[in-house]
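Undergrad: This is the structure, below, for whatever I ask next.
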Amino acid sequence: MTAGIAAPDMATSRVATRVRWTQVAPTLLVVWIISMFDKSNISIVMANPDFLREMNLAGHSVELGWLASGLFIAYGLFAPAWGWAVMRYGPRRTAIACLVVWAITCFGSGLAANYNMLLISRVALGAGEAALFPLTVTLVSNWFALAERGRATAFWWIGTMIGPMLTGVVVTGLIVTLGWRAQFYVMGVLALALPLPMVWFLVRDRPEQHPAVNSDEARLVQQGSLELDQGAPGRIMRAAGNVWRNYRFWLVVVAVACNNVFFWGWSIWLPTYLRTTRGLSFSMSGYLTFVIFGCAVATILAVGHFSDRIFRRAALAGAGWALGGVLLMVAALVPSAFLSVLLMILALCAQQIGISCGEMLMHSVVSSADMGKTQGVRAFATQMTGALAPAMIGYILAASGGFTGGFAVLSGAVIISAGCMVTLARQGL
């Protein structure tokens with residue numbers, strides 16, 4: 001354990017319950033996996049020839065790009081309102097409400113008779129899922145000591161990779177066997193049948209409200225909070241003053257925003273790229289995403305454990321983002337399809353080092369009391385920026401006929417993310 005980080009004494013740790021790890025963390029993981037199903041499935045759908053033919057979208061790369069970008073724009077626009085809801089009604093009630101909303105929108109996508117109806121349903125899904133960051137980061141701040149938040153963040157953040165990883169297998173299989181509309185219905189049922197009951201029965205806003213939490217676990221979390229920490233993050237927070245004038249917070253926001261340009265631009269178009277540029281079949285390009293995102297899951301878990309030990313996340317984030325940008329550009333230029341896929345796997349793993357450490361940094365630069373409102377604003381800024389990426393790639397593809405120019409923009413985005421980490425790394429964060 002790094003010196004200066006508040007840690008519970010061993011006597012307390014031996015008798016404390018572990019509800020935060022056995023109930024709250026697994027619930028957040030499941031919520032994020034299902035949410036990523038609902039967001040990422042469009043990347044598989046829009047590479048499906050039957051969907052393109054039925055919706056008359058073959059060759060319409062710009063319209064296809066807006067199916068993702070429309071979702072992310074709504075995600076960003078509604079995030080501040082959800083941040084207010086988290087502070088007013090609590091993260092548990094907010095989670096229940098947003099789960100119901102996005103389940104309904106999944107059914108709407110399956111029922112869409114034309115492109116406009118499908119686009120509206122995707123926009124509505126983005127509005128519903130906009131609650132995720134404010135409620136998730138608030139729950140992690142409320143439920144975990146500062147020295148545990150790297151692992152806690154990794155626990156839910158791997159859902160952002162497990163979701164796309166399983167999407168490649170599950171959604172591709174559903175489309176092949178039942179058709180593209182049926183998979184939307186399955187996504188709606190999943191949202192109601194799995195994460196909703198878990199949130200209802202297993203989660204409370206704070207440890208002291210949970211019937212299964214004993215006083216030792218509640219005390220452990222309280223004593224390990226950012227505000228009571230005597231190390232570098234605690235000193236920085238006490239000197240930060242108004243959170244909106246805290247430049248460290250805004251550096252992390254800019255870094256995450258540029259990261260979202262990289263991730264959503266790349267992941268939404270990945271199956272189409274593999275099918276049209278690298279010559280893989282629809283099924284193979286979909287199933288291959290399982291392998292690519294599976295490697296990212298292992299990376300996130302390792303980074304979460306390692307970052308809690310060294311407690312220096314900015315340097316790790318900067319190195320990961322810089323390496324990810326370089327590897328993606330090389331992957332776009334090599335002639336071999338096999339080598340391109342291998343480099344893309346490495347690029348995603350490097351990028352995930354960056355973003356997972358970036359998410360962990362939020363807990364070093366924002367107090368628990370400010371989490372709800374700051375993460376609503378953060379989600380607005382980062383999602384609105386990332387929202388442009390899928391449509392941008394669509395425009396570049398339409399203009400140039402290839403992905404190289406688009407991938408160059410995505411690589412440049414995470415180089416900017418890496419640059420944002422220089423100041424924070426020098427301050428020991």
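Residues in the structure tokens are named by chain (A, B, ... in the order shown) and by number from 1 within that chain; ligands are numbered from 1 in the order shown.
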Identify, on the basis of only C-alpha atoms, every residue whose closest approach to segment 128-143 of chain A does not exceed 6 Å; exclude the query and any residue fewer than 5 positions from it along the same chain; express the result as a count of residues only.

TA: 15

Undergrad: For Arg426 of chain A, list every protein, DNA or RNA residue within 12 Å, evaluated using only C-alpha atoms, and leave out those in the same chain fewer than 5 positions away; present the list as a list in words.

TA: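 After dropping sequence-adjacent residues, the list is Ala232, Arg248, Arg312, Arg313, Ala314, Ala315, Gly318, Gly419, Cys420 and Met421 of chain A.
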
Undergrad: Could you tell me which of A:Ala398, A:Asn259, A:Thr423, A:Ala350 comes closest to Tyr247 of chain A if we count only C-alpha atoms?

TA: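 Checking each candidate against Tyr247 of chain A, we get A:Thr423 as the closest.
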
Undergrad: Identify, on the basis of only C-alpha atoms, every residue whose closest approach to Pro271 of chain A does not exceed 12 Å; exclude the query and any residue fewer than 6 positions from it along the same chain; express the result as a ChimeraX atom specification.

TA: /A:40-48,164,167-168,172,265,277-290,292,341

Undergrad: Nearest to Val100 of chain A: which of A:Asn114, A:Ser35, A:Gln383, A:Ser340 is it, counting only C-alpha atoms?

TA: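 Checking each candidate against Val100 of chain A, we get A:Ser35 as the closest.
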
Undergrad: Looking at only C-alpha atoms, which of A:Leu99, A:Leu424, A:Leu67, A:Ile355 is the one that sits closest to Pro197 of chain A?

TA: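 With only C-alpha atoms as the atom set, the closest residue is A:Leu99.
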
Undergrad: Could you give me, as a ChimeraX atom specification, the residues within 10 Å of Ser215 of chain A, counting only C-alpha atoms and dropping anything in the same chain fewer than 3 positions from it?

TA: /A:12,15-17,207-208,212,218-220

Undergrad: Residues at most 10 Å from segment 407-412 of chain A, counting only C-alpha atoms, excluding those fewer than 3 positions away in the same chain, as number ranges by chain?

TA: A: 258-266, 321-333, 347, 389, 392-393, 396, 402-404, 415-418

Undergrad: Write out, as an mmCIF file, in the first residue's frame, the residues just selected, with N, CA and C atoms.

TA:
data_model
loop_
_atom_site.group_PDB
_atom_site.id
_atom_site.type_symbol
_atom_site.label_atom_id
_atom_site.label_comp_id
_atom_site.auth_asym_id
_atom_site.auth_seq_id
_atom_site.Cartn_x
_atom_site.Cartn_y
_atom_site.Cartn_z
ATOM 1 N N CYS A 258 -11.588 12.787 -25.788
ATOM 2 C CA CYS A 258 -10.802 12.356 -26.957
ATOM 3 C C CYS A 258 -10.726 10.842 -27.037
ATOM 4 N N ASN A 259 -10.657 10.178 -25.883
ATOM 5 C CA ASN A 259 -10.692 8.721 -25.861
ATOM 6 C C ASN A 259 -11.981 8.193 -26.482
ATOM 7 N N ASN A 260 -13.112 8.851 -26.191
ATOM 8 C CA ASN A 260 -14.390 8.407 -26.741
ATOM 9 C C ASN A 260 -14.441 8.544 -28.249
ATOM 10 N N VAL A 261 -13.766 9.548 -28.793
ATOM 11 C CA VAL A 261 -13.662 9.662 -30.249
ATOM 12 C C VAL A 261 -12.992 8.415 -30.809
ATOM 13 N N PHE A 262 -11.887 8.028 -30.187
ATOM 14 C CA PHE A 262 -11.165 6.823 -30.615
ATOM 15 C C PHE A 262 -12.045 5.586 -30.500
ATOM 16 N N PHE A 263 -12.595 5.367 -29.299
ATOM 17 C CA PHE A 263 -13.262 4.085 -29.035
ATOM 18 C C PHE A 263 -14.526 3.904 -29.854
ATOM 19 N N TRP A 264 -15.405 4.915 -29.867
ATOM 20 C CA TRP A 264 -16.676 4.728 -30.558
ATOM 21 C C TRP A 264 -16.519 4.801 -32.068
ATOM 22 N N GLY A 265 -15.594 5.612 -32.543
ATOM 23 C CA GLY A 265 -15.339 5.621 -33.981
ATOM 24 C C GLY A 265 -14.806 4.297 -34.464
ATOM 25 N N TRP A 266 -13.938 3.708 -33.655
ATOM 26 C CA TRP A 266 -13.315 2.432 -34.038
ATOM 27 C C TRP A 266 -14.265 1.259 -33.852
ATOM 28 N N TRP A 321 -2.594 5.527 -23.793
ATOM 29 C CA TRP A 321 -3.234 6.245 -24.894
ATOM 30 C C TRP A 321 -2.266 6.485 -26.051
ATOM 31 N N ALA A 322 -1.045 6.888 -25.749
ATOM 32 C CA ALA A 322 -0.065 7.154 -26.810
ATOM 33 C C ALA A 322 0.228 5.881 -27.614
ATOM 34 N N LEU A 323 0.425 4.780 -26.901
ATOM 35 C CA LEU A 323 0.707 3.523 -27.585
ATOM 36 C C LEU A 323 -0.485 3.057 -28.411
ATOM 37 N N GLY A 324 -1.691 3.218 -27.882
ATOM 38 C CA GLY A 324 -2.885 2.823 -28.615
ATOM 39 C C GLY A 324 -3.035 3.566 -29.923
ATOM 40 N N GLY A 325 -2.751 4.869 -29.919
ATOM 41 C CA GLY A 325 -2.846 5.645 -31.148
ATOM 42 C C GLY A 325 -1.872 5.184 -32.205
ATOM 43 N N VAL A 326 -0.645 4.906 -31.803
ATOM 44 C CA VAL A 326 0.371 4.448 -32.759
ATOM 45 C C VAL A 326 -0.003 3.086 -33.338
ATOM 46 N N LEU A 327 -0.423 2.162 -32.493
ATOM 47 C CA LEU A 327 -0.736 0.811 -32.946
ATOM 48 C C LEU A 327 -1.937 0.781 -33.892
ATOM 49 N N LEU A 328 -2.957 1.608 -33.633
ATOM 50 C CA LEU A 328 -4.114 1.630 -34.526
ATOM 51 C C LEU A 328 -3.720 2.109 -35.916
ATOM 52 N N MET A 329 -2.863 3.122 -35.994
ATOM 53 C CA MET A 329 -2.451 3.639 -37.290
ATOM 54 C C MET A 329 -1.644 2.600 -38.061
ATOM 55 N N VAL A 330 -0.782 1.899 -37.372
ATOM 56 C CA VAL A 330 -0.003 0.849 -38.030
ATOM 57 C C VAL A 330 -0.929 -0.262 -38.507
ATOM 58 N N ALA A 331 -1.942 -0.607 -37.694
ATOM 59 C CA ALA A 331 -2.892 -1.660 -38.072
ATOM 60 C C ALA A 331 -3.639 -1.311 -39.351
ATOM 61 N N ALA A 332 -3.914 -0.034 -39.550
ATOM 62 C CA ALA A 332 -4.632 0.389 -40.754
ATOM 63 C C ALA A 332 -3.759 0.327 -41.999
ATOM 64 N N LEU A 333 -2.450 0.385 -41.828
ATOM 65 C CA LEU A 333 -1.541 0.492 -42.970
ATOM 66 C C LEU A 333 -0.935 -0.831 -43.413
ATOM 67 N N ALA A 347 -3.760 -2.447 -29.866
ATOM 68 C CA ALA A 347 -4.170 -1.042 -29.774
ATOM 69 C C ALA A 347 -5.300 -0.869 -28.771
ATOM 70 N N ALA A 389 -17.853 10.810 -33.618
ATOM 71 C CA ALA A 389 -16.895 9.908 -34.261
ATOM 72 C C ALA A 389 -17.523 8.944 -35.273
ATOM 73 N N MET A 392 -18.552 10.885 -38.271
ATOM 74 C CA MET A 392 -17.369 11.415 -38.930
ATOM 75 C C MET A 392 -16.704 10.352 -39.798
ATOM 76 N N ILE A 393 -16.578 9.122 -39.241
ATOM 77 C CA ILE A 393 -15.994 8.033 -40.024
ATOM 78 C C ILE A 393 -16.860 7.751 -41.247
ATOM 79 N N ILE A 396 -16.049 10.434 -43.824
ATOM 80 C CA ILE A 396 -14.723 10.206 -44.403
ATOM 81 C C ILE A 396 -14.755 9.009 -45.341
ATOM 82 N N GLY A 402 -12.211 4.754 -48.159
ATOM 83 C CA GLY A 402 -11.367 3.903 -47.325
ATOM 84 C C GLY A 402 -11.334 4.380 -45.894
ATOM 85 N N PHE A 403 -10.776 3.545 -45.016
ATOM 86 C CA PHE A 403 -10.766 3.822 -43.577
ATOM 87 C C PHE A 403 -9.494 4.503 -43.083
ATOM 88 N N THR A 404 -8.463 4.611 -43.920
ATOM 89 C CA THR A 404 -7.171 5.092 -43.433
ATOM 90 C C THR A 404 -7.258 6.501 -42.846
ATOM 91 N N ILE A 415 -3.759 10.599 -28.863
ATOM 92 C CA ILE A 415 -2.496 11.289 -28.600
ATOM 93 C C ILE A 415 -2.776 12.558 -27.783
ATOM 94 N N ILE A 416 -3.867 13.238 -28.091
ATOM 95 C CA ILE A 416 -4.277 14.395 -27.283
ATOM 96 C C ILE A 416 -4.588 13.954 -25.855
ATOM 97 N N SER A 417 -5.287 12.811 -25.716
ATOM 98 C CA SER A 417 -5.565 12.274 -24.374
ATOM 99 C C SER A 417 -4.276 12.086 -23.591
ATOM 100 N N ALA A 418 -3.278 11.522 -24.250
ATOM 101 C CA ALA A 418 -1.994 11.293 -23.577
ATOM 102 C C ALA A 418 -1.369 12.609 -23.136
#

Undergrad: Suppose you want the space between atom CA of Leu71 of chain A and atom CA of Thr27 of chain A; what is it in Å?

TA: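 Those two atoms sit 23.8 Å apart.
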
Undergrad: Per DSSP on the backbone, filter segment 128-296 of chain A down to the residues in helix (DSSP H, G or I) and report them as a PyMOL selection string.

TA: chain A and resi 128-129+132-143+146-157+159-178+180-193+195-202+207-209+215-223+226-228+232-240+243-245+247-276+282-296

Undergrad: If we count only C-alpha atoms and set the cut-off at 7 Å, which residues sit around Met360 of chain A, ignoring sequence neighbours fewer than 6 positions away in its own chain? Please answer as a list of chain:residue names.

TA: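 The residues satisfying every condition are A:Arg149, A:Gly150, A:Thr153.
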
Undergrad: Using only C-alpha atoms, which residues sit within 9 Å of Met384 of chain A once same-chain residues fewer than 6 positions away are excluded, as an mmCIF file with C-alpha atoms, in the first residue's frame?

TA:
data_model
loop_
_atom_site.group_PDB
_atom_site.id
_atom_site.type_symbol
_atom_site.label_atom_id
_atom_site.label_comp_id
_atom_site.auth_asym_id
_atom_site.auth_seq_id
_atom_site.Cartn_x
_atom_site.Cartn_y
_atom_site.Cartn_z
ATOM 1 C CA SER A 69 -23.867 9.181 -33.309
ATOM 2 C CA PHE A 72 -24.326 9.386 -28.231
ATOM 3 C CA ILE A 73 -25.591 12.923 -28.789
ATOM 4 C CA ALA A 74 -28.715 12.124 -26.772
ATOM 5 C CA TYR A 75 -26.456 10.439 -24.202
ATOM 6 C CA GLY A 76 -24.517 13.657 -23.772
ATOM 7 C CA LEU A 77 -27.523 15.992 -23.806
ATOM 8 C CA ALA A 257 -13.609 12.967 -24.463
#

Undergrad: Let me make sure I understand: among A:Asp38, A:Asp205, A:Glu359, A:Asp50, which one has the smallest atom-to-atom distance to Met87 of chain A if we use only C-alpha atoms?

TA: A:Asp205
